[in-house]
There are 2 protein chains.
Amino acid sequence: MTGEISSAGKLAAFDLNAYVAERTALVLAGLDRFAPVADAPPATLHRAMRYSLFAGGKRIRPLLCMATAEAIGGSAESVLPTACALEMIHTFSLIHDDLPAIDDDDFRRGMPTAHREFGEAMAILAGDALHTLAFSTVALHQSGGTGSDAAARVVRVLGLIAESCGEAGMVGGQVDDILYEGQPVDGDILRHIHARKTGALLSASILAGAILAGATAEQERALEVYGEQIGLAFQIVDDILDVTGDDAKIGKPTGSDLKNDKATYPKVYGLAESGELARKAADAAVAAVAGFDGRAEALRTFARFIVERDL
Amino acid sequence: MTGEISSAGKLAAFDLNAYVAERTALVLAGLDRFAPVADAPPATLHRAMRYSLFAGGKRIRPLLCMATAEAIGGSAESVLPTACALEMIHTFSLIHDDLPAIDDDDFRRGMPTAHREFGEAMAILAGDALHTLAFSTVALHQSGGTGSDAAARVVRVLGLIAESCGEAGMVGGQVDDILYEGQPVDGDILRHIHARKTGALLSASILAGAILAGATAEQERALEVYGEQIGLAFQIVDDILDVTGDDAKIGKPTGSDLKNDKATYPKVYGLAESGELARKAADAAVAAVAGFDGRAEALRTFARFIVERDL
């Protein structure tokens, strides 16, 4: 971690850019290691998996998992298989959400979506293969440490990730997102959709890092609040950027939520109040980890950065 | 288990029908318990998941998992979450394989396929939700026993299942199955496709039961051979029935492999030699568990039944 620990226990001049660059390099090396070799058969499937895995993106889930492990006193490297698994789950969900039968998006992060590049059958199957690769990566490569509960920690992390992306989490949220297209929504419905569609996996990323690093029950509770609030901030900002953002910067056409008449924060609250809600959520996330020492500075800085990036 | 143990250590007059009926009832109760409630929101997703889970089928993977656990001295109930998870994985793969972009099948087990009943988006997402539900069911509900390696057994089972259905297993086999449509294939390619498309998950079902029941390394090696051979027999018979079977009995139009010009055993070896290969594989499966006592009678009877059912 860059920066020096001051007497107040905080990192002085925490350098988020350097932190993110170092951890992102770790994640990319991990993904390369855990993903199947591109030219081994069935090569088309492997290429499709790698195409989407390495199509860019902020790698926010692995970064949050690592930053949480570090906040508890673990290392980023020690949770690398789980961090990579979270990115595989996220990538699988993007590939399937982009399919013609679902959101029918042609571009993602400035590149043709998987089904535009490899055809629909291969996109469905590459998503499935990444989904299952996430679980095998954790089960086969993630150490739970040296204590007698090492394997039990890994089981808990696997259960947490699976629950967060199933019908009570990410997939359920995606279903509601489709069902509420063109329907009137209020703030409660909106929060319910997003808590599952994007919030559940973000929260799981944070808790997984905490469990593997041996967090206390009290630390886990604080991090749950942090996870809920940062997930909320993240989603609101994403909705705002779809209205106000720059196509080239975001890598996909903005206005797609509007086109699909999606339930979004700007639609329900307007732009100004949405911005205010995002700032409040980020503040609540920072407050949730107030009891943590300087090793949690990355978590605090992430929360601030999310609402400052373009608002 | 029905029947009485004779002096030779074998079950006299093993009643396969009664065995299958009892274990199938257990599996159905387990699936009902682990699947989300049908009328809870998002109800459409939950209904789609249950529609395919309870659409019938032989439940061969859960039955093999349970029978293997029993062969080692465990109980069928003790592996129920894993047995149900294997059926969820199998069901997810059928839903996705039937999609218009992949095999484009309208009927399965005499009922409209999931995408015909619920639409394509919901079928994709119901498959995804069942995929992930398999892993949460094992991680949250499967006990690994009472020893110090209990959690490690569960991690091993999760890794085994995930590997068996990923790019090196079921999904990879499905990709090859598509890529080889209309292509010339020989016996080696055929075995390679099917060892992964259907063999890997069948083998995982058997090994998972063995691991959870505390099999020795030697028992595991014998059961690996049993799994390979029974998987081979099962696939050959399935290919034969697609040519010779009765639509009403099978629940889907026969001849679909021919229509899609799939790589099958009858195509490569002809019907007569395919039947002979299936019988040899079943014999090899029975021989692999020759060293097991009467508690393995279900495994032996399954192997014989597979080739006798309609050949």
# chains A, B, ... in the order shown; residues from 1 in each chain; ligands from 1

$ calpha_fit_and_write --fixed "chain B" --moving "chain A" --output "CSV table (one decimal) with C-alpha atoms, in the first residue's frame"
chain,number,residue,atom,x,y,z
A,1,MET,CA,-32.5,-50.4,0.9
A,2,THR,CA,-34.8,-53.2,0.0
A,3,GLY,CA,-33.8,-56.9,-0.3
A,4,GLU,CA,-31.8,-58.9,2.2
A,5,ILE,CA,-28.1,-59.3,2.4
A,6,SER,CA,-27.2,-62.9,1.5
A,7,SER,CA,-24.2,-64.7,2.8
A,8,ALA,CA,-22.2,-63.8,-0.3
A,9,GLY,CA,-22.6,-60.1,0.8
A,10,LYS,CA,-24.9,-59.4,-2.1
A,11,LEU,CA,-28.5,-58.2,-2.0
A,12,ALA,CA,-30.8,-61.0,-2.9
A,13,ALA,CA,-33.5,-60.1,-5.4
A,14,PHE,CA,-32.5,-56.4,-5.4
A,15,ASP,CA,-35.6,-54.4,-6.3
A,16,LEU,CA,-34.5,-51.6,-8.5
A,17,ASN,CA,-38.0,-50.2,-9.0
A,18,ALA,CA,-38.6,-49.8,-5.3
A,19,TYR,CA,-35.1,-48.4,-4.8
A,20,VAL,CA,-35.5,-45.8,-7.5
A,21,ALA,CA,-39.0,-44.9,-6.3
A,22,GLU,CA,-37.9,-44.3,-2.7
A,23,ARG,CA,-34.8,-42.3,-3.7
A,24,THR,CA,-36.7,-40.3,-6.3
A,25,ALA,CA,-39.2,-39.3,-3.7
A,26,LEU,CA,-36.4,-38.0,-1.5
A,27,VAL,CA,-34.9,-36.0,-4.4
A,28,LEU,CA,-38.3,-34.4,-5.3
A,29,ALA,CA,-38.8,-33.4,-1.7
A,30,GLY,CA,-35.3,-32.0,-1.6
A,31,LEU,CA,-35.7,-30.0,-4.8
A,32,ASP,CA,-39.0,-28.6,-3.4
A,33,ARG,CA,-37.2,-27.6,-0.3
A,34,PHE,CA,-34.1,-26.0,-1.9
A,35,ALA,CA,-35.9,-24.3,-4.8
A,36,PRO,CA,-37.4,-20.9,-4.3
A,37,VAL,CA,-41.1,-20.6,-3.4
A,38,ALA,CA,-43.2,-20.4,-6.6
A,39,ASP,CA,-45.3,-17.4,-5.7
A,40,ALA,CA,-42.7,-15.2,-4.0
A,41,PRO,CA,-41.4,-12.4,-6.2
A,42,PRO,CA,-39.9,-12.5,-8.8
A,43,ALA,CA,-42.6,-15.2,-9.3
A,44,THR,CA,-42.1,-15.6,-13.0
A,45,LEU,CA,-38.5,-16.5,-12.5
A,46,HIS,CA,-39.3,-18.9,-9.7
A,47,ARG,CA,-42.1,-20.5,-11.7
A,48,ALA,CA,-39.7,-20.9,-14.6
A,49,MET,CA,-37.1,-22.6,-12.4
A,50,ARG,CA,-39.6,-24.9,-10.9
A,51,TYR,CA,-41.3,-25.7,-14.2
A,52,SER,CA,-38.0,-27.2,-15.6
A,53,LEU,CA,-36.9,-28.7,-12.3
A,54,PHE,CA,-40.2,-30.7,-11.9
A,55,ALA,CA,-40.7,-31.5,-15.6
A,56,GLY,CA,-39.8,-35.1,-14.9
A,57,GLY,CA,-36.7,-36.9,-16.0
A,58,LYS,CA,-35.0,-40.0,-14.6
A,59,ARG,CA,-33.0,-38.1,-11.9
A,60,ILE,CA,-30.1,-40.3,-12.8
A,61,ARG,CA,-27.4,-37.9,-11.4
A,62,PRO,CA,-29.0,-37.6,-7.9
A,63,LEU,CA,-29.7,-41.4,-7.9
A,64,LEU,CA,-26.1,-42.2,-8.8
A,65,CYS,CA,-24.8,-39.8,-6.1
A,66,MET,CA,-27.0,-41.4,-3.5
A,67,ALA,CA,-26.3,-45.0,-4.6
A,68,THR,CA,-22.5,-44.3,-4.4
A,69,ALA,CA,-22.8,-42.8,-0.9
A,70,GLU,CA,-24.8,-45.9,0.1
A,71,ALA,CA,-22.2,-48.2,-1.5
A,72,ILE,CA,-19.5,-46.6,0.8
A,73,GLY,CA,-21.7,-47.0,3.9
A,74,GLY,CA,-23.3,-43.5,4.0
A,75,SER,CA,-27.0,-42.8,3.7
A,76,ALA,CA,-29.0,-41.3,0.8
A,77,GLU,CA,-30.3,-38.5,3.0
A,78,SER,CA,-26.8,-37.4,4.0
A,79,VAL,CA,-25.9,-36.4,0.4
A,80,LEU,CA,-29.3,-34.9,-0.5
A,81,PRO,CA,-28.2,-31.3,-1.0
A,82,THR,CA,-25.5,-32.4,-3.3
A,83,ALA,CA,-27.8,-34.8,-5.1
A,84,CYS,CA,-30.3,-32.0,-5.7
A,85,ALA,CA,-27.5,-29.6,-6.8
A,86,LEU,CA,-26.5,-32.1,-9.5
A,87,GLU,CA,-30.1,-32.2,-10.8
A,88,MET,CA,-30.2,-28.3,-10.8
A,89,ILE,CA,-27.0,-28.3,-12.9
A,90,HIS,CA,-28.4,-30.8,-15.3
A,91,THR,CA,-31.7,-28.9,-15.6
A,92,PHE,CA,-29.9,-25.6,-16.2
A,93,SER,CA,-27.9,-27.2,-19.0
A,94,LEU,CA,-31.1,-28.6,-20.6
A,95,ILE,CA,-32.8,-25.2,-20.5
A,96,HIS,CA,-29.8,-23.5,-22.2
A,97,ASP,CA,-29.2,-26.3,-24.7
A,98,ASP,CA,-32.9,-26.1,-25.8
A,99,LEU,CA,-32.7,-22.3,-26.6
A,100,PRO,CA,-33.3,-21.1,-30.1
A,101,ALA,CA,-29.7,-20.0,-30.5
A,102,ILE,CA,-28.4,-23.5,-29.5
A,103,ASP,CA,-30.4,-26.7,-30.3
A,104,ASP,CA,-33.8,-24.8,-30.8
A,105,ASP,CA,-35.9,-27.5,-29.3
A,106,ASP,CA,-39.6,-26.9,-28.7
A,107,PHE,CA,-40.4,-29.9,-26.5
A,108,ARG,CA,-38.6,-31.7,-23.7
A,109,ARG,CA,-40.1,-34.6,-21.7
A,110,GLY,CA,-43.4,-34.1,-23.5
A,111,MET,CA,-43.8,-30.5,-22.4
A,112,PRO,CA,-43.0,-27.2,-24.1
A,113,THR,CA,-39.3,-26.2,-23.4
A,114,ALA,CA,-38.7,-23.3,-20.9
A,115,HIS,CA,-38.3,-20.7,-23.6
A,116,ARG,CA,-41.5,-21.8,-25.3
A,117,GLU,CA,-43.4,-21.5,-22.0
A,118,PHE,CA,-41.7,-18.4,-20.4
A,119,GLY,CA,-39.9,-16.6,-23.3
A,120,GLU,CA,-36.2,-16.6,-24.1
A,121,ALA,CA,-35.1,-14.0,-21.6
A,122,MET,CA,-36.7,-15.8,-18.7
A,123,ALA,CA,-35.3,-19.2,-19.9
A,124,ILE,CA,-31.8,-17.8,-20.0
A,125,LEU,CA,-32.1,-16.3,-16.5
A,126,ALA,CA,-33.9,-19.3,-15.0
A,127,GLY,CA,-31.0,-21.4,-16.3
A,128,ASP,CA,-28.5,-19.0,-14.7
A,129,ALA,CA,-30.4,-19.0,-11.4
A,130,LEU,CA,-30.5,-22.8,-11.3
A,131,HIS,CA,-26.8,-22.9,-12.1
A,132,THR,CA,-25.9,-20.7,-9.1
A,133,LEU,CA,-28.6,-22.3,-6.9
A,134,ALA,CA,-26.7,-25.6,-7.3
A,135,PHE,CA,-23.6,-24.1,-5.7
A,136,SER,CA,-25.5,-22.3,-2.9
A,137,THR,CA,-27.4,-25.5,-2.1
A,138,VAL,CA,-24.2,-27.4,-1.5
A,139,ALA,CA,-22.3,-24.6,0.2
A,140,LEU,CA,-25.2,-23.8,2.6
A,141,HIS,CA,-26.8,-27.2,3.2
A,142,GLN,CA,-24.4,-30.0,2.6
A,143,SER,CA,-22.7,-31.4,5.7
A,144,GLY,CA,-19.3,-33.0,5.1
A,145,GLY,CA,-19.7,-35.2,8.2
A,146,THR,CA,-18.3,-34.8,11.7
A,147,GLY,CA,-14.5,-35.2,11.2
A,148,SER,CA,-11.9,-32.4,11.0
A,149,ASP,CA,-12.0,-32.6,7.2
A,150,ALA,CA,-15.7,-32.1,7.0
A,151,ALA,CA,-15.6,-28.6,5.4
A,152,ALA,CA,-12.7,-29.7,3.2
A,153,ARG,CA,-14.9,-32.5,1.7
A,154,VAL,CA,-17.6,-29.9,0.9
A,155,VAL,CA,-15.0,-27.7,-0.8
A,156,ARG,CA,-13.7,-30.7,-2.8
A,157,VAL,CA,-17.3,-31.6,-3.9
A,158,LEU,CA,-17.9,-27.9,-5.0
A,159,GLY,CA,-14.7,-27.9,-7.0
A,160,LEU,CA,-15.5,-31.2,-8.6
A,161,ILE,CA,-19.0,-30.2,-9.6
A,162,ALA,CA,-17.8,-26.8,-10.9
A,163,GLU,CA,-15.0,-28.4,-13.0
A,164,SER,CA,-17.3,-31.0,-14.4
A,165,CYS,CA,-19.7,-28.4,-15.8
A,166,GLY,CA,-17.3,-25.8,-17.1
A,167,GLU,CA,-15.3,-25.4,-20.2
A,168,ALA,CA,-13.3,-28.6,-19.6
A,169,GLY,CA,-16.5,-30.5,-19.0
A,170,MET,CA,-20.2,-30.1,-19.9
A,171,VAL,CA,-20.2,-26.7,-21.5
A,172,GLY,CA,-17.0,-27.5,-23.5
A,173,GLY,CA,-18.7,-30.7,-24.7
A,174,GLN,CA,-21.8,-28.8,-25.7
A,175,VAL,CA,-19.6,-26.4,-27.7
A,176,ASP,CA,-17.9,-29.3,-29.5
A,177,ASP,CA,-21.3,-30.9,-30.1
A,178,ILE,CA,-22.3,-27.7,-31.9
A,179,LEU,CA,-19.0,-27.3,-33.8
A,180,TYR,CA,-19.1,-30.9,-35.1
A,181,GLU,CA,-22.7,-30.7,-36.4
A,182,GLY,CA,-22.5,-31.8,-40.0
A,183,GLN,CA,-18.8,-32.6,-39.7
A,184,PRO,CA,-17.2,-36.0,-40.2
A,185,VAL,CA,-16.4,-37.6,-36.8
A,186,ASP,CA,-14.6,-40.7,-35.8
A,187,GLY,CA,-14.9,-42.7,-32.6
A,188,ASP,CA,-12.2,-40.8,-30.8
A,189,ILE,CA,-13.8,-37.4,-31.4
A,190,LEU,CA,-17.2,-38.9,-30.4
A,191,ARG,CA,-15.9,-40.2,-27.1
A,192,HIS,CA,-14.1,-36.9,-26.4
A,193,ILE,CA,-17.3,-34.9,-27.0
A,194,HIS,CA,-19.5,-37.2,-24.9
A,195,ALA,CA,-16.9,-37.7,-22.1
A,196,ARG,CA,-17.3,-34.0,-21.5
A,197,LYS,CA,-20.9,-33.2,-22.5
A,198,THR,CA,-22.6,-35.9,-20.4
A,199,GLY,CA,-19.8,-38.0,-18.9
A,200,ALA,CA,-18.2,-35.3,-16.7
A,201,LEU,CA,-21.3,-34.5,-14.7
A,202,LEU,CA,-22.2,-38.2,-14.3
A,203,SER,CA,-18.7,-39.0,-13.0
A,204,ALA,CA,-18.9,-36.0,-10.7
A,205,SER,CA,-22.2,-37.3,-9.3
A,206,ILE,CA,-20.6,-40.6,-8.5
A,207,LEU,CA,-17.4,-39.1,-7.0
A,208,ALA,CA,-19.3,-36.5,-5.0
A,209,GLY,CA,-21.3,-39.2,-3.2
A,210,ALA,CA,-18.1,-41.2,-2.6
A,211,ILE,CA,-16.2,-38.2,-1.2
A,212,LEU,CA,-19.0,-37.2,1.2
A,213,ALA,CA,-19.4,-40.7,2.4
A,214,GLY,CA,-15.7,-40.9,3.1
A,215,ALA,CA,-14.5,-43.3,0.4
A,216,THR,CA,-10.8,-44.4,0.5
A,217,ALA,CA,-8.5,-43.4,-2.4
A,218,GLU,CA,-8.8,-47.0,-3.8
A,219,GLN,CA,-12.6,-46.9,-3.7
A,220,GLU,CA,-12.5,-43.5,-5.4
A,221,ARG,CA,-10.3,-44.9,-8.2
A,222,ALA,CA,-12.7,-47.8,-8.8
A,223,LEU,CA,-15.7,-45.5,-8.8
A,224,GLU,CA,-13.9,-43.2,-11.4
A,225,VAL,CA,-13.8,-46.2,-13.7
A,226,TYR,CA,-17.4,-47.1,-12.9
A,227,GLY,CA,-18.4,-43.5,-13.7
A,228,GLU,CA,-16.6,-43.4,-17.0
A,229,GLN,CA,-18.1,-46.6,-18.2
A,230,ILE,CA,-21.6,-46.0,-17.1
A,231,GLY,CA,-21.4,-42.5,-18.7
A,232,LEU,CA,-20.4,-44.1,-21.9
A,233,ALA,CA,-23.1,-46.7,-21.8
A,234,PHE,CA,-25.7,-44.1,-21.0
A,235,GLN,CA,-24.7,-41.9,-23.9
A,236,ILE,CA,-24.6,-44.7,-26.4
A,237,VAL,CA,-28.1,-45.9,-25.4
A,238,ASP,CA,-29.4,-42.3,-25.6
A,239,ASP,CA,-28.0,-42.0,-29.1
A,240,ILE,CA,-29.6,-45.4,-30.1
A,241,LEU,CA,-33.0,-44.4,-28.6
A,242,ASP,CA,-33.0,-41.2,-30.7
A,243,VAL,CA,-32.9,-43.5,-33.8
A,244,THR,CA,-35.1,-46.4,-32.6
A,245,GLY,CA,-37.2,-45.0,-29.8
A,246,ASP,CA,-40.8,-44.1,-29.4
A,247,ASP,CA,-41.6,-40.3,-29.4
A,248,ALA,CA,-44.3,-40.6,-26.8
A,249,LYS,CA,-42.1,-42.7,-24.5
A,250,ILE,CA,-39.1,-40.4,-24.7
A,251,GLY,CA,-41.2,-37.2,-24.5
A,252,LYS,CA,-39.5,-35.4,-27.4
A,253,PRO,CA,-39.4,-36.1,-31.1
A,254,THR,CA,-36.9,-38.8,-31.9
A,255,GLY,CA,-34.6,-38.3,-34.9
A,256,SER,CA,-33.5,-34.8,-33.6
A,257,ASP,CA,-29.8,-35.8,-33.7
A,258,LEU,CA,-30.3,-36.8,-37.3
A,259,LYS,CA,-32.1,-33.6,-38.1
A,260,ASN,CA,-29.2,-31.6,-36.6
A,261,ASP,CA,-26.6,-34.0,-38.1
A,262,LYS,CA,-25.1,-34.5,-34.6
A,263,ALA,CA,-22.1,-36.7,-33.9
A,264,THR,CA,-23.7,-39.9,-32.5
A,265,TYR,CA,-22.7,-43.6,-32.0
A,266,PRO,CA,-25.1,-45.0,-34.5
A,267,LYS,CA,-23.8,-42.5,-37.1
A,268,VAL,CA,-20.2,-43.6,-36.5
A,269,TYR,CA,-20.6,-47.3,-35.6
A,270,GLY,CA,-24.1,-48.3,-36.9
A,271,LEU,CA,-26.9,-49.6,-34.6
A,272,ALA,CA,-25.7,-53.1,-34.0
A,273,GLU,CA,-22.1,-52.3,-33.0
A,274,SER,CA,-23.3,-49.4,-30.9
A,275,GLY,CA,-25.5,-51.8,-28.9
A,276,GLU,CA,-22.5,-54.0,-28.4
A,277,LEU,CA,-20.3,-51.1,-27.2
A,278,ALA,CA,-23.0,-50.1,-24.7
A,279,ARG,CA,-23.1,-53.6,-23.3
A,280,LYS,CA,-19.4,-53.8,-23.0
A,281,ALA,CA,-19.3,-50.5,-21.1
A,282,ALA,CA,-22.0,-51.6,-18.7
A,283,ASP,CA,-20.0,-54.8,-18.1
A,284,ALA,CA,-16.9,-52.8,-17.4
A,285,ALA,CA,-18.8,-50.6,-15.0
A,286,VAL,CA,-20.0,-53.7,-13.1
A,287,ALA,CA,-16.5,-55.1,-13.1
A,288,ALA,CA,-15.1,-51.9,-11.7
A,289,VAL,CA,-17.1,-52.2,-8.5
A,290,ALA,CA,-16.5,-56.0,-8.1
A,291,GLY,CA,-14.6,-55.4,-4.9
A,292,PHE,CA,-17.5,-53.6,-3.2
A,293,ASP,CA,-20.0,-55.5,-1.0
A,294,GLY,CA,-23.7,-55.9,-1.3
A,295,ARG,CA,-24.3,-52.2,-0.6
A,296,ALA,CA,-23.1,-51.5,-4.1
A,297,GLU,CA,-25.9,-53.6,-5.6
A,298,ALA,CA,-27.8,-50.5,-6.8
A,299,LEU,CA,-24.7,-49.3,-8.7
A,300,ARG,CA,-24.4,-52.8,-10.4
A,301,THR,CA,-28.1,-52.9,-11.2
A,302,PHE,CA,-28.1,-49.4,-12.6
A,303,ALA,CA,-25.4,-50.3,-15.1
A,304,ARG,CA,-27.3,-53.4,-16.2
A,305,PHE,CA,-30.6,-51.5,-16.4
A,306,ILE,CA,-29.2,-48.8,-18.7
A,307,VAL,CA,-28.4,-51.2,-21.5
A,308,GLU,CA,-31.5,-53.3,-20.9
A,309,ARG,CA,-34.1,-50.6,-20.8
A,310,ASP,CA,-34.9,-50.6,-24.5
A,311,LEU,CA,-32.1,-52.3,-26.5

$ select_by_dssp --residues "range 146-175 of chain A" --states "helix (DSSP H, G or I)" --output "VMD selection string"
chain A and resid 150 to 165 170 to 175

$ select_by_dssp --residues "range 23-244 of chain B" --states "strand (DSSP E)" --output "list of chain:residue names"
B:Phe107, B:Arg108, B:Met111, B:Pro112

$ write_last_selection --atoms "C-alpha atoms" --output "mmCIF file, in the first residue's frame"
data_model
loop_
_atom_site.group_PDB
_atom_site.id
_atom_site.type_symbol
_atom_site.label_atom_id
_atom_site.label_comp_id
_atom_site.auth_asym_id
_atom_site.auth_seq_id
_atom_site.Cartn_x
_atom_site.Cartn_y
_atom_site.Cartn_z
ATOM 1 C CA PHE B 107 -40.380 -29.955 -26.523
ATOM 2 C CA ARG B 108 -38.615 -31.721 -23.691
ATOM 3 C CA MET B 111 -43.751 -30.499 -22.386
ATOM 4 C CA PRO B 112 -42.954 -27.205 -24.108
#
